[in-house]
Amino acid sequence: MATTSDEGRDPDLVAVRDGGAAAAQLTRPGGLDRQRIVQAAIDFIDAHGLAALTMRRLGAALGVEAMALYRYVPGREDLLDGVVDAVVETLFDDDDADDIYIGDASGWQDYLVRLGHGVRRIALAHPAVFPLIASRPPAAPWVRPPLRSLRIVESFLGTLSEGGFTDQAAVAAYRAYSSFLLGHLLLEVTQIGAQVSLLDQPEGDPEAQRRTDLSEYPHLTRTEPLLGQDKSAGEFEESLENLLDRLERVLHEGQGPDDSADGDR
């Protein structure tokens, strides 16, 4: 029998459902501004997918010529940066984010839990947008693994630094945590229909670099040499060993006294 109770439900899915009415509203006609254009881009991607987004199509959705958009967004890459900033902002805005607000975290562990659930809720609310978040930032292409939001990377490194992590330890934690988070969530959004196509830009975007003041991200810029290192092979082996250790524990948990007794009957 159907029930309206949220007991036993996935808390991230419940949060997405509760905010769905507001997220599903389409932009109303009216004067153009950057915020309205960015929101219209989010709505368009949610409806049609990231690959379908062009300035011409977005202009048509807003009832204007594509050239009218360039007064507020210099180009598609700037528009995509705006899309990422808008959806990521809910992690930092205590008015909108409710229990996924990461600014009130009590310590680095609580921060990582809040961040993980917050990013997952973004992925569930905007599955077609999420692969964009999991792409290399045009203004800092040396960030590995790719995470387009420089604000999240800076917040992550700053929080762990305040928690006593050295730069090297904080970067190692970022790489391990983001690899887990992006790998899990990219698989999850594909299960609900998202087309995963990472917008990698290994050479960066000179225009994005010119308009982005990296001095606003001191932890990120200080650790650039560490973030830019490619340690993929070693990290893969370490993750694989950790998985095998976990499966070993699962094996022994499945061979407890109760299971043995059942097998003797």
# chains A, B, ... in the order shown; residues from 1 in each chain; ligands from 1
>>> residues_around(residues="Val196 (chain A)", least_positions_apart="4", cutoff="10 Å", atoms="only C-alpha atoms", output="PyMOL selection string")
chain A and resi 49-51+127-132+134+186-187+189-190
>>> residues_around(residues="Thr54 (chain A)", least_positions_apart="3", cutoff="10 Å", atoms="only C-alpha atoms", output="ChimeraX atom specification")
/A:41,44,50-51,57-60,66,75-76
>>> closest_residue(among="A:Ala139, A:Ile102, A:Leu160, A:Leu227", to="Arg175 (chain A)", atoms="only C-alpha atoms")
A:Leu227
>>> closest_atom_pairs(of="region 128-228 of chain A", to="region 81-87 of chain A", cutoff="12 Å", atoms="only C-alpha atoms", output="tab-separated table")
residue	atom	partner	partner_atom	distance
A:Ala128	CA	A:Val83	CA	11.7
A:Val129	CA	A:Val84	CA	8.0
A:Phe130	CA	A:Val84	CA	8.6
A:Pro131	CA	A:Val84	CA	10.2
A:Leu132	CA	A:Val84	CA	7.3
A:Ile133	CA	A:Val84	CA	6.1
A:Ala134	CA	A:Val84	CA	9.8
A:Ser135	CA	A:Val84	CA	10.3
A:Arg136	CA	A:Asp81	CA	11.1
A:Pro137	CA	A:Asp81	CA	8.5
A:Pro138	CA	A:Asp81	CA	8.8
A:Ala139	CA	A:Asp81	CA	10.0
A:Leu147	CA	A:Val84	CA	10.2
A:Arg148	CA	A:Val84	CA	7.5
A:Ser149	CA	A:Val84	CA	6.7
A:Leu150	CA	A:Asp85	CA	9.2
A:Arg151	CA	A:Asp85	CA	8.4
A:Ile152	CA	A:Asp85	CA	9.9
A:Leu199	CA	A:Asp81	CA	11.9
A:Asp205	CA	A:Asp81	CA	11.7
A:Ala208	CA	A:Asp81	CA	9.0
A:Gln209	CA	A:Asp81	CA	11.9
A:Arg211	CA	A:Asp81	CA	11.3
A:Thr212	CA	A:Asp81	CA	10.5
>>> residues_around(residues="Leu32 (chain A)", least_positions_apart="2", cutoff="10 Å", atoms="only C-alpha atoms", output="list in words")
Pro29, Gly30, Arg34, Gln35, Arg36, Ile37, Leu62, Val64, Ala68, Leu69, Arg71 and Tyr72 of chain A
>>> select_by_dssp(residues="region 83-193 of chain A", states="alpha helix (DSSP H)", output="JSON, numbers by chain")
{"A": [83, 84, 85, 86, 87, 88, 89, 90, 91, 92, 94, 95, 96, 97, 108, 109, 110, 111, 112, 113, 114, 115, 116, 117, 118, 119, 120, 121, 122, 123, 124, 125, 130, 131, 132, 133, 150, 151, 152, 153, 154, 155, 156, 157, 158, 159, 160, 161, 162, 167, 168, 169, 170, 171, 172, 173, 174, 175, 176, 177, 178, 179, 180, 181, 182, 183, 184, 185, 186, 187, 188, 189, 190, 191]}
>>> atom_distance(atom1="CA of Glu65 (chain A)", atom2="CA of Asp46 (chain A)")
21.4 Å
>>> closest_residue(among="A:Ala176, A:Met55, A:Ile45, A:Leu181", to="Ser239 (chain A)", atoms="only C-alpha atoms")
A:Ala176
>>> closest_residue(among="A:Gly163, A:Gly63, A:Gly254, A:Pro225", to="Asp110 (chain A)", atoms="only C-alpha atoms")
A:Gly163
>>> atom_distance(atom1="CA of Val250 (chain A)", atom2="CA of His117 (chain A)")
24.5 Å
>>> atom_distance(atom1="CA of Gly31 (chain A)", atom2="CA of Tyr70 (chain A)")
14.3 Å
>>> closest_residue(among="A:Ala233, A:Ala140, A:Ala194, A:Ala170", to="Glu207 (chain A)", atoms="only C-alpha atoms")
A:Ala140
>>> residues_around(residues="Phe92 (chain A)", least_positions_apart="2", cutoff="6 Å", atoms="only C-alpha atoms", output="ChimeraX atom specification")
/A:89-90,101-102
